[in-house]
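J.: Sharing input-v5.txt, compact mmCIF, C-alpha atoms and all ligand atoms:
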```
# COMPACT_ATOMS: atom_id res chain seq x y z
CA MET N 1 0.00 0.00 0.00
CA ALA N 2 2.79 2.41 0.98
CA ASP N 3 4.83 1.51 -2.11
CA GLU N 4 1.94 2.21 -4.39
CA ALA N 5 1.11 5.59 -2.81
CA ALA N 6 4.82 6.53 -2.81
CA ARG N 7 5.12 5.82 -6.54
CA MET N 8 2.10 7.99 -7.28
CA PHE N 9 3.59 10.96 -5.36
CA LEU N 10 7.26 10.46 -6.26
CA HIS N 11 7.52 13.82 -8.03
CA GLU N 12 5.16 16.03 -6.02
CA ASN N 13 6.31 19.02 -3.97
CA ALA N 14 4.61 20.08 -0.75
CA LEU N 15 6.36 23.48 -0.74
CA ASN N 16 3.42 24.99 -2.57
CA THR N 17 0.18 23.22 -1.84
CA LYS N 18 -1.65 25.60 -4.15
CA ALA N 19 0.18 23.88 -6.99
CA PHE N 20 -0.37 20.41 -5.48
CA PRO N 21 -3.75 20.67 -3.76
CA SER N 22 -3.97 16.94 -3.03
CA LEU N 23 -0.98 17.35 -0.69
CA ALA N 24 -2.84 20.08 1.21
CA GLY N 25 -5.71 17.63 1.66
CA ILE N 26 -3.37 14.86 2.75
CA GLN N 27 -1.70 17.09 5.37
CA SER N 28 -4.95 18.36 6.79
CA ASP N 29 -6.38 14.81 6.92
CA LEU N 30 -3.31 13.52 8.77
CA CYS N 31 -3.41 16.44 11.24
CA ALA N 32 -7.16 16.11 11.84
CA TRP N 33 -6.96 12.35 12.34
CA THR N 34 -4.03 12.70 14.76
CA ALA N 35 -5.67 15.61 16.64
CA ASP N 36 -8.75 13.48 17.13
CA LEU N 37 -6.65 10.58 18.41
CA LEU N 38 -4.71 12.82 20.84
CA HIS N 39 -7.75 14.65 22.31
CA GLY N 40 -7.03 17.93 20.55
CA PRO N 41 -9.61 20.65 21.23
CA GLU N 42 -11.78 21.96 18.38
CA ASP N 43 -9.24 24.63 17.47
CA ALA N 44 -6.14 22.34 17.45
CA ALA N 45 -4.04 22.70 14.32
CA GLY N 46 -0.78 21.30 13.04
CA PHE N 47 1.56 20.51 10.20
CA VAL N 48 3.23 17.42 8.84
CA THR N 49 7.04 17.42 9.19
CA SER N 50 9.81 15.11 8.00
CA GLY N 51 10.24 13.36 11.36
CA GLY N 52 10.43 13.64 15.12
CA THR N 53 13.50 15.85 15.07
CA GLU N 54 11.91 18.39 12.74
CA SER N 55 8.69 18.37 14.81
CA ILE N 56 10.75 19.04 17.94
CA LEU N 57 12.80 21.80 16.27
CA CYS N 58 9.56 23.48 15.16
CA ALA N 59 7.94 23.10 18.60
CA VAL N 60 10.95 24.71 20.27
CA GLU N 61 10.94 27.51 17.70
CA ALA N 62 7.20 28.12 18.22
CA ALA N 63 7.69 28.25 22.01
CA ARG N 64 10.60 30.69 21.64
CA GLU N 65 8.61 32.97 19.32
CA ARG N 66 5.56 32.83 21.58
CA ALA N 67 7.65 33.78 24.64
CA ARG N 68 9.18 36.65 22.69
CA SER N 69 5.84 38.04 21.52
CA GLU N 70 3.69 37.39 24.61
CA ARG N 71 6.26 37.88 27.41
CA ASP N 72 9.00 39.93 25.76
CA LEU N 73 11.40 37.10 26.70
CA HIS N 74 14.72 37.45 24.84
CA ASP N 75 16.93 35.08 26.82
CA PRO N 76 14.78 31.93 26.69
CA GLU N 77 15.41 28.70 28.56
CA LEU N 78 14.34 25.14 27.80
CA VAL N 79 13.59 22.91 30.81
CA LEU N 80 13.91 19.18 30.18
CA ALA N 81 14.67 15.93 31.96
CA GLU N 82 17.82 13.89 31.29
CA SER N 83 15.56 11.37 29.57
CA ALA N 84 14.15 13.85 27.01
CA HIS N 85 15.27 13.14 23.44
CA ALA N 86 18.61 14.54 22.23
CA ALA N 87 16.70 16.41 19.50
CA PHE N 88 15.73 19.01 22.15
CA HIS N 89 19.43 19.70 22.76
CA LYS N 90 19.91 20.00 19.02
CA ALA N 91 17.02 22.48 18.93
CA ALA N 92 18.45 24.52 21.82
CA HIS N 93 21.81 24.55 20.04
CA LEU N 94 20.38 25.66 16.71
CA LEU N 95 17.78 28.09 18.04
CA GLY N 96 19.77 29.76 20.82
CA LEU N 97 18.04 28.59 23.99
CA ARG N 98 19.79 27.74 27.24
CA THR N 99 18.96 24.28 28.63
CA ARG N 100 18.10 23.53 32.27
CA LEU N 101 18.55 19.79 32.76
CA VAL N 102 16.46 17.95 35.36
CA PRO N 103 17.66 14.62 36.89
CA LEU N 104 15.52 11.47 37.11
CA MET N 105 14.13 9.65 40.14
CA ASP N 106 14.73 5.92 40.68
CA ASP N 107 11.57 5.14 38.72
CA ARG N 108 13.07 7.07 35.74
CA THR N 109 10.50 9.88 35.85
CA PRO N 110 11.77 13.46 36.18
CA ASP N 111 12.49 14.79 39.69
CA LEU N 112 9.51 17.14 39.93
CA ASP N 113 11.00 19.19 42.79
CA ALA N 114 14.10 19.88 40.72
CA MET N 115 11.90 20.66 37.72
CA THR N 116 9.81 23.11 39.77
CA ASP N 117 13.04 24.91 40.73
CA ALA N 118 14.20 24.99 37.09
CA VAL N 119 10.97 26.55 35.73
CA THR N 120 11.22 30.34 36.08
CA ASP N 121 10.07 33.49 34.30
CA ARG N 122 12.93 32.85 31.83
CA THR N 123 11.41 29.52 30.75
CA ALA N 124 10.07 29.39 27.20
CA LEU N 125 9.37 25.65 27.05
CA VAL N 126 9.05 22.69 29.39
CA VAL N 127 9.29 19.18 27.91
CA ALA N 128 7.37 16.03 28.86
CA SER N 129 7.71 12.67 27.11
CA ALA N 130 5.10 9.98 26.50
CA PRO N 131 7.02 7.77 26.73
CA GLN N 132 10.64 8.92 27.02
CA TYR N 133 12.96 6.96 24.73
CA PRO N 134 15.73 5.62 27.01
CA GLN N 135 13.64 3.54 29.46
CA GLY N 136 10.18 3.76 27.92
CA VAL N 137 8.59 5.44 30.96
CA VAL N 138 5.70 7.91 30.57
CA ASP N 139 6.41 11.23 32.35
CA PRO N 140 3.81 12.80 34.71
CA VAL N 141 2.55 15.13 31.99
CA ALA N 142 -0.20 16.90 33.98
CA GLU N 143 2.23 17.99 36.70
CA ILE N 144 4.81 19.16 34.16
CA ALA N 145 2.25 21.06 32.06
CA ALA N 146 0.95 22.83 35.20
CA MET N 147 4.48 24.04 35.98
CA ALA N 148 4.82 25.52 32.49
CA ASP N 149 1.38 27.11 32.68
CA ARG N 150 2.17 28.84 35.99
CA VAL N 151 4.85 30.98 34.32
CA GLY N 152 3.07 31.36 30.97
CA ALA N 153 5.51 29.02 29.20
CA SER N 154 4.73 26.40 26.55
CA CYS N 155 4.69 22.68 27.29
CA HIS N 156 5.55 20.21 24.54
CA VAL N 157 4.71 16.52 24.87
CA ASP N 158 7.14 14.35 22.92
CA ALA N 159 4.88 11.49 21.85
CA CYS N 160 7.07 10.74 18.83
CA MET N 161 7.16 7.07 19.91
CA GLY N 162 3.94 6.84 21.88
CA GLY N 163 1.51 8.85 19.78
CA PHE N 164 0.31 5.92 17.71
CA VAL N 165 0.57 3.33 20.50
CA LEU N 166 -0.75 4.71 23.81
CA PRO N 167 -4.22 5.68 22.51
CA PHE N 168 -4.83 2.12 21.28
CA ALA N 169 -3.09 0.40 24.21
CA VAL N 170 -5.54 1.85 26.72
CA LEU N 171 -8.46 0.57 24.64
CA GLU N 172 -7.01 -2.93 24.39
CA ASP N 173 -6.00 -3.41 28.04
CA PRO N 174 -6.69 -0.41 30.29
CA GLU N 175 -5.27 -2.16 33.34
CA ALA N 176 -1.91 -3.36 32.03
CA TRP N 177 -1.22 -0.70 29.41
CA TYR N 178 -2.70 2.41 31.03
CA ALA N 179 -0.82 5.69 31.23
CA PRO N 180 -1.90 8.76 33.23
CA PRO N 181 -3.31 11.53 30.97
CA TRP N 182 -0.52 12.62 28.63
CA ASP N 183 -1.92 14.24 25.46
CA LEU N 184 -3.68 17.45 24.36
CA GLY N 185 -6.51 16.54 26.75
CA VAL N 186 -4.23 17.76 29.57
CA ASP N 187 -4.54 21.47 30.46
CA GLY N 188 -1.34 23.38 29.84
CA VAL N 189 -0.03 21.11 27.06
CA THR N 190 0.49 23.50 24.14
CA SER N 191 1.97 21.18 21.51
CA ILE N 192 2.57 17.48 20.84
CA SER N 193 4.52 15.46 18.29
CA ALA N 194 3.76 11.94 17.00
CA ASP N 195 5.84 10.12 14.37
CA ILE N 196 3.87 8.20 11.79
CA HIS N 197 7.16 6.78 10.50
CA LYS N 198 7.71 4.87 13.75
CA LEU N 199 4.81 2.92 15.26
CA GLY N 200 2.43 4.41 12.66
CA TYR N 201 4.16 1.93 10.29
CA ALA N 202 4.62 4.43 7.45
CA PRO N 203 7.93 4.70 5.55
CA LYS N 204 10.48 7.21 6.91
CA GLY N 205 10.00 10.95 6.58
CA VAL N 206 6.74 11.78 8.34
CA SER N 207 5.69 13.12 11.73
CA VAL N 208 2.77 15.26 12.91
CA LEU N 209 3.25 18.36 15.07
CA LEU N 210 0.03 19.67 16.63
CA HIS N 211 -0.62 22.89 18.55
CA ARG N 212 -3.50 23.47 20.94
CA SER N 213 -4.82 26.34 18.79
CA ARG N 214 -4.34 28.01 15.41
CA GLN N 215 -3.08 31.05 17.33
CA LEU N 216 -0.27 28.98 18.90
CA ARG N 217 0.49 27.36 15.55
CA ARG N 218 1.17 30.78 14.00
CA HIS N 219 4.46 30.97 15.94
CA GLN N 220 5.72 27.99 13.94
CA ILE N 221 5.29 29.67 10.56
CA PHE N 222 8.11 31.57 8.86
CA GLU N 223 6.99 34.38 6.60
CA PHE N 224 9.14 36.70 4.47
CA ASP N 225 7.71 39.37 2.23
CA GLY N 226 10.85 41.18 1.07
CA TRP N 227 12.05 38.76 -1.61
CA LEU N 228 11.97 39.42 -5.35
CA GLY N 229 10.63 35.88 -5.72
CA GLY N 230 7.45 36.86 -3.90
CA ARG N 231 5.94 36.37 -0.46
CA TYR N 232 7.50 33.22 1.00
CA VAL N 233 5.71 31.29 3.75
CA THR N 234 6.76 27.89 5.14
CA PRO N 235 5.45 25.99 8.15
CA ASN N 236 8.63 24.08 8.96
CA LEU N 237 12.34 23.79 8.19
CA GLN N 238 12.25 22.54 4.63
CA GLY N 239 11.71 24.49 1.44
CA THR N 240 11.04 22.10 -1.41
CA ARG N 241 9.48 19.15 0.33
CA SER N 242 8.77 15.66 -0.94
CA GLY N 243 5.13 14.70 -1.17
CA LEU N 244 6.09 11.02 -1.11
CA PRO N 245 6.29 10.35 2.68
CA MET N 246 3.07 12.15 3.52
CA ALA N 247 1.17 10.41 0.73
CA ALA N 248 2.52 7.01 1.79
CA ALA N 249 1.61 7.80 5.41
CA TRP N 250 -1.88 8.89 4.42
CA ALA N 251 -2.39 5.61 2.57
CA VAL N 252 -1.10 3.52 5.50
CA VAL N 253 -3.21 5.37 8.07
CA ARG N 254 -6.31 5.05 5.91
CA TYR N 255 -5.57 1.39 5.21
CA LEU N 256 -4.98 0.38 8.84
CA GLY N 257 -7.48 2.67 10.51
CA ALA N 258 -8.10 2.57 14.26
CA GLU N 259 -8.97 -1.15 14.08
CA GLY N 260 -5.70 -2.00 12.33
CA TYR N 261 -3.64 -0.02 14.85
CA ARG N 262 -5.41 -1.69 17.76
CA ARG N 263 -4.54 -5.12 16.36
CA LEU N 264 -0.88 -4.19 15.81
CA VAL N 265 -0.58 -2.53 19.22
CA ARG N 266 -2.05 -5.55 21.03
CA ALA N 267 0.38 -7.97 19.37
CA THR N 268 3.30 -5.60 19.95
CA LEU N 269 2.58 -4.95 23.63
CA GLU N 270 1.96 -8.62 24.35
CA ALA N 271 5.40 -9.28 22.83
CA ALA N 272 6.94 -6.47 24.92
CA ASP N 273 5.37 -7.95 28.06
CA ARG N 274 6.84 -11.39 27.23
CA ILE N 275 10.21 -9.74 26.68
CA ARG N 276 10.10 -7.94 30.04
CA THR N 277 9.03 -11.08 31.89
CA GLY N 278 11.79 -13.05 30.16
CA ILE N 279 14.50 -10.50 30.99
CA ARG N 280 13.44 -10.26 34.63
CA ALA N 281 13.66 -14.04 34.92
CA ILE N 282 17.38 -13.95 34.01
CA ASP N 283 19.63 -13.56 37.01
CA GLY N 284 21.83 -10.46 36.75
CA LEU N 285 19.59 -8.43 34.40
CA GLU N 286 17.00 -5.76 35.12
CA VAL N 287 14.48 -3.61 33.28
CA PRO N 288 14.88 -0.09 34.73
CA GLY N 289 11.73 1.83 35.71
CA ASP N 290 8.30 0.42 34.99
CA PRO N 291 7.88 0.67 31.20
CA ARG N 292 4.41 -0.55 30.19
CA HIS N 293 4.53 -0.14 26.43
CA HIS N 294 6.84 -0.90 23.50
CA LEU N 295 10.10 0.72 24.68
CA LEU N 296 12.37 -0.73 27.35
CA SER N 297 15.99 -1.08 28.33
CA ILE N 298 18.14 -3.73 29.92
CA THR N 299 20.85 -3.06 32.49
CA ALA N 300 22.87 -5.31 34.77
CA THR N 301 22.02 -5.58 38.45
CA SER N 302 24.79 -4.40 40.72
CA VAL N 303 26.29 -6.04 43.75
CA SER N 304 24.54 -4.61 46.79
CA GLY N 305 26.59 -1.98 48.54
CA ASN N 306 28.47 -0.84 45.45
CA ASP N 307 27.59 0.30 41.92
CA GLN N 308 29.62 -2.37 40.16
CA PRO N 309 27.35 -4.18 37.66
CA VAL N 310 27.55 -7.96 37.79
CA LEU N 311 27.50 -8.31 34.00
CA ASP N 312 29.18 -6.39 31.14
CA MET N 313 26.20 -5.21 29.05
CA TYR N 314 28.32 -4.33 26.04
CA ALA N 315 29.82 -7.83 26.05
CA ILE N 316 26.25 -9.12 26.02
CA ASP N 317 25.57 -6.81 23.08
CA ASP N 318 28.60 -8.15 21.19
CA ALA N 319 27.50 -11.75 21.80
CA LEU N 320 23.95 -10.95 20.67
CA ALA N 321 25.33 -9.17 17.58
CA ALA N 322 27.33 -12.31 16.74
CA ARG N 323 23.97 -14.12 16.66
CA GLY N 324 22.50 -11.48 14.33
CA TRP N 325 20.62 -9.26 16.80
CA HIS N 326 21.09 -5.49 16.75
CA HIS N 327 20.57 -3.30 19.82
CA ASP N 328 21.38 0.33 20.49
CA ARG N 329 23.76 0.84 23.39
CA GLN N 330 22.99 3.54 25.90
CA GLY N 331 23.88 4.86 29.33
CA PRO N 332 24.86 5.67 31.98
CA PRO N 333 24.49 3.07 33.32
CA ASP N 334 25.62 0.79 30.44
CA GLY N 335 22.47 -0.66 28.92
CA LEU N 336 20.80 -1.92 25.77
CA HIS N 337 17.70 -0.35 24.26
CA LEU N 338 14.74 -2.16 22.73
CA THR N 339 12.05 -0.68 20.53
CA VAL N 340 9.50 -3.45 20.05
CA SER N 341 7.28 -3.27 17.00
CA ASN N 342 4.95 -5.69 15.30
CA GLY N 343 7.86 -6.95 13.18
CA ASN N 344 9.49 -8.40 16.30
CA VAL N 345 6.49 -10.48 17.35
CA PRO N 346 7.53 -13.73 15.59
CA VAL N 347 11.08 -13.75 17.00
CA VAL N 348 10.55 -12.98 20.68
CA GLU N 349 11.08 -16.53 21.99
CA GLN N 350 14.18 -17.07 19.87
CA TRP N 351 15.61 -13.75 21.10
CA LEU N 352 14.93 -14.64 24.74
CA ASP N 353 16.64 -18.04 24.30
CA ASP N 354 19.68 -16.32 22.77
CA LEU N 355 19.74 -13.70 25.53
CA ALA N 356 19.76 -16.37 28.25
CA GLU N 357 22.57 -18.19 26.43
CA VAL N 358 24.80 -15.15 25.95
CA VAL N 359 24.35 -14.08 29.57
CA GLY N 360 25.68 -17.52 30.52
CA GLU N 361 28.66 -17.06 28.19
CA VAL N 362 29.47 -13.58 29.47
CA ARG N 363 29.08 -14.66 33.08
CA SER N 364 31.58 -17.48 32.58
CA GLY N 365 34.04 -14.93 31.18
CA GLY N 366 33.98 -16.19 27.60
CA VAL N 367 33.25 -12.77 26.04
CA THR N 368 34.65 -9.30 26.70
CA SER N 369 33.18 -6.13 25.28
CA SER N 370 34.44 -4.01 22.41
CA GLY N 371 33.94 -0.27 22.13
CA SER N 372 31.62 1.94 24.10
CA GLY N 373 28.06 3.16 23.84
CA ALA N 374 27.20 4.87 20.59
CA TYR N 375 24.16 6.00 18.69
CA ALA N 376 25.86 7.60 15.80
CA THR N 377 26.29 8.14 12.11
CA LEU N 378 29.81 9.48 11.76
CA GLU N 379 30.61 8.66 8.15
C1 LIG V 401 12.65 8.97 17.50
C2 LIG V 401 12.37 9.96 18.57
C3 LIG V 401 12.55 11.33 18.34
C4 LIG V 401 13.23 11.86 17.11
O1 LIG V 401 12.59 11.52 15.95
P1 LIG V 401 13.32 11.23 14.54
O2 LIG V 401 12.20 10.74 13.72
O3 LIG V 401 14.40 10.24 14.79
O4 LIG V 401 13.86 12.53 14.05
C5 LIG V 401 12.13 12.18 19.32
N1 LIG V 401 11.61 11.73 20.47
C6 LIG V 401 11.44 10.43 20.74
C7 LIG V 401 10.82 10.00 22.05
C8 LIG V 401 11.84 9.49 19.79
O5 LIG V 401 11.70 8.19 20.06
```
Could you render the structure as structure tokens?
Ligand SMILES: *Cc1c(COP(=O)(O)O)cnc(C)c1O

T.:
Amino acid sequence: MADEAARMFLHENALNTKAFPSLAGIQSDLCAWTADLLHGPEDAAGFVTSGGTESILCAVEAARERARSERDLHDPELVLAESAHAAFHKAAHLLGLRTRLVPLMDDRTPDLDAMTDAVTDRTALVVASAPQYPQGVVDPVAEIAAMADRVGASCHVDACMGGFVLPFAVLEDPEAWYAPPWDLGVDGVTSISADIHKLGYAPKGVSVLLHRSRQLRRHQIFEFDGWLGGRYVTPNLQGTRSGLPMAAAWAVVRYLGAEGYRRLVRATLEAADRIRTGIRAIDGLEVPGDPRHHLLSITATSVSGNDQPVLDMYAIDDALAARGWHHDRQGPPDGLHLTVSNGNVPVVEQWLDDLAEVVGEVRSGGVTSSGSGAYATLE
């Protein structure tokens, strides 16, 4: 389905939707469908971007511009937990905001006392994640949004991973897969991002960024009227912009529909539950925090009384890699990251068997680790 839609839109350009009106329709359909899913109020409005990073860059820019125009704030700060995605640091770097980093509690949610102290009248944006990437834990969004609201700042919910999972999870099993309110239904949340190219199962290059109102969305739009080429208005970072990913995403969303997503989410979260149970049954390994959905991490337990882990996680990664399994390394502490999707469902038992085997090998000293943690494209 995606291939077919992609071929049809291979040459179309979303820079000017007057010239390609079907792309305007596709964007507004995707935004309306996502706003409905994420409890957007009547006036919610958004744009399609090329991915989570671009959605985050645009959300940070919109918050900065809003703070400048509503509060005359010229030295803006971005408050975020250590678990918030690195794209927020990229945004602060590119857009000239200072970051105020908040540590995590043992359960891997942000330390709300520290966050309260970090939110001041210099704050342009406070970040919450649903769920955060490293350990898959959903932040207490209502508390974080209230902090932002108190000083008139924006609050962005990064649901890049969770946006197309959490709404269906709660319908399938409200007890096991529940998360406290986390979307535009929460007062004080001003924007939210959800990546269709992750658990929306569309090909890469498509995310949705929604604002609570059209008025808030205006801060995202760049407009220049002093060019000989004419008035130039763009909603995000790109100029010429491929119509292919948004058309493919539109086709996939229409094809799957809410029923299709529910089916995929159920299979995926049942697999993630089996994975968590399997990991916890292996002596020496833990799953940090209490992730309930499709993201989780594995670390080594430490000997009580000191922080020395009993197993070398990167040696475990090497041994798993030798068996054909890829994991992203992360830390501190040294750990492996899992994003479970429907594609993993058929191989869960085989993966758990291999994991148990390699832990045995590493424990007996047969494998030592190479390299360090990396999540990088350097060449
Ligand atoms: C993937 C991800 C991002 C960044 O999105 P890209 O599509 O990789 O640019 C942001 N936040 C979270 C929680 C993510 O998982």

J.: Give the centre and edge lengths of an axis-aligned box, in Å to one decimal, that holds all listed atoms of ligand LIG 401 (chain V) with 8 Å on each side, as AutoDock Vina command-line options.

T.:
```
--center_x 12.6 --center_y 10.4 --center_z 17.9 --size_x 19.6 --size_y 20.3 --size_z 24.3
```

J.: Write as a PyMOL selection string the residues around ligand LIG 401 (chain V), taking 10 Å as the cut-off and counting only C-alpha atoms and all ligand atoms.

T.: chain N and resi 49-57+83-88+128-134+136+157-163+193-199+204-207+295+339

J.: Can I get the selected residues back with C-alpha atoms, as a PDB file, in the frame of the given file?

T.:
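Resulting contents of part.pdb:
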```pdb
ATOM      1  CA  THR N  49       7.040  17.420   9.190  1.00  0.00           C
ATOM      2  CA  SER N  50       9.810  15.110   8.000  1.00  0.00           C
ATOM      3  CA  GLY N  51      10.240  13.360  11.360  1.00  0.00           C
ATOM      4  CA  GLY N  52      10.430  13.640  15.120  1.00  0.00           C
ATOM      5  CA  THR N  53      13.500  15.850  15.070  1.00  0.00           C
ATOM      6  CA  GLU N  54      11.910  18.390  12.740  1.00  0.00           C
ATOM      7  CA  SER N  55       8.690  18.370  14.810  1.00  0.00           C
ATOM      8  CA  ILE N  56      10.750  19.040  17.940  1.00  0.00           C
ATOM      9  CA  LEU N  57      12.800  21.800  16.270  1.00  0.00           C
ATOM     10  CA  SER N  83      15.560  11.370  29.570  1.00  0.00           C
ATOM     11  CA  ALA N  84      14.150  13.850  27.010  1.00  0.00           C
ATOM     12  CA  HIS N  85      15.270  13.140  23.440  1.00  0.00           C
ATOM     13  CA  ALA N  86      18.610  14.540  22.230  1.00  0.00           C
ATOM     14  CA  ALA N  87      16.700  16.410  19.500  1.00  0.00           C
ATOM     15  CA  PHE N  88      15.730  19.010  22.150  1.00  0.00           C
ATOM     16  CA  ALA N 128       7.370  16.030  28.860  1.00  0.00           C
ATOM     17  CA  SER N 129       7.710  12.670  27.110  1.00  0.00           C
ATOM     18  CA  ALA N 130       5.100   9.980  26.500  1.00  0.00           C
ATOM     19  CA  PRO N 131       7.020   7.770  26.730  1.00  0.00           C
ATOM     20  CA  GLN N 132      10.640   8.920  27.020  1.00  0.00           C
ATOM     21  CA  TYR N 133      12.960   6.960  24.730  1.00  0.00           C
ATOM     22  CA  PRO N 134      15.730   5.620  27.010  1.00  0.00           C
ATOM     23  CA  GLY N 136      10.180   3.760  27.920  1.00  0.00           C
ATOM     24  CA  VAL N 157       4.710  16.520  24.870  1.00  0.00           C
ATOM     25  CA  ASP N 158       7.140  14.350  22.920  1.00  0.00           C
ATOM     26  CA  ALA N 159       4.880  11.490  21.850  1.00  0.00           C
ATOM     27  CA  CYS N 160       7.070  10.740  18.830  1.00  0.00           C
ATOM     28  CA  MET N 161       7.160   7.070  19.910  1.00  0.00           C
ATOM     29  CA  GLY N 162       3.940   6.840  21.880  1.00  0.00           C
ATOM     30  CA  GLY N 163       1.510   8.850  19.780  1.00  0.00           C
ATOM     31  CA  SER N 193       4.520  15.460  18.290  1.00  0.00           C
ATOM     32  CA  ALA N 194       3.760  11.940  17.000  1.00  0.00           C
ATOM     33  CA  ASP N 195       5.840  10.120  14.370  1.00  0.00           C
ATOM     34  CA  ILE N 196       3.870   8.200  11.790  1.00  0.00           C
ATOM     35  CA  HIS N 197       7.160   6.780  10.500  1.00  0.00           C
ATOM     36  CA  LYS N 198       7.710   4.870  13.750  1.00  0.00           C
ATOM     37  CA  LEU N 199       4.810   2.920  15.260  1.00  0.00           C
ATOM     38  CA  LYS N 204      10.480   7.210   6.910  1.00  0.00           C
ATOM     39  CA  GLY N 205      10.000  10.950   6.580  1.00  0.00           C
ATOM     40  CA  VAL N 206       6.740  11.780   8.340  1.00  0.00           C
ATOM     41  CA  SER N 207       5.690  13.120  11.730  1.00  0.00           C
ATOM     42  CA  LEU N 295      10.100   0.720  24.680  1.00  0.00           C
ATOM     43  CA  THR N 339      12.050  -0.680  20.530  1.00  0.00           C
TER      44      THR N 339
END
```

J.: Can you work out which one of N:Thr368, N:Ser341, N:Thr34, N:Ser302 has the shortest atom-to-atom distance to N:Ile316, counting all atoms listed in the file?

T.: N:Thr368

J.: What's around stretch 6-11 of chain N at 12 Å? Count all atoms listed in the file, leave out sequence neighbours fewer than 4 positions away in its own chain, and write the answer as a list in words.

T.: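 My reading of the contact set: Met1, Ala2, Phe20, Ser22, Leu23, Ile26, Ala202, Pro203, Lys204, Gly205, Thr240, Arg241, Ser242, Gly243, Leu244, Pro245, Met246, Ala247, Ala248, Ala249, Trp250, Ala251 and Val252 of chain N.
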
J.: From the options N:Asp290, N:Asp29, N:Asp121, N:Glu65, which residue's atoms come nearest to N:Asp106, counting only C-alpha atoms?

T.: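 Checking each of N:Asp290, N:Asp29, N:Asp121, N:Glu65 against N:Asp106, counting only C-alpha atoms, the winner is N:Asp290.
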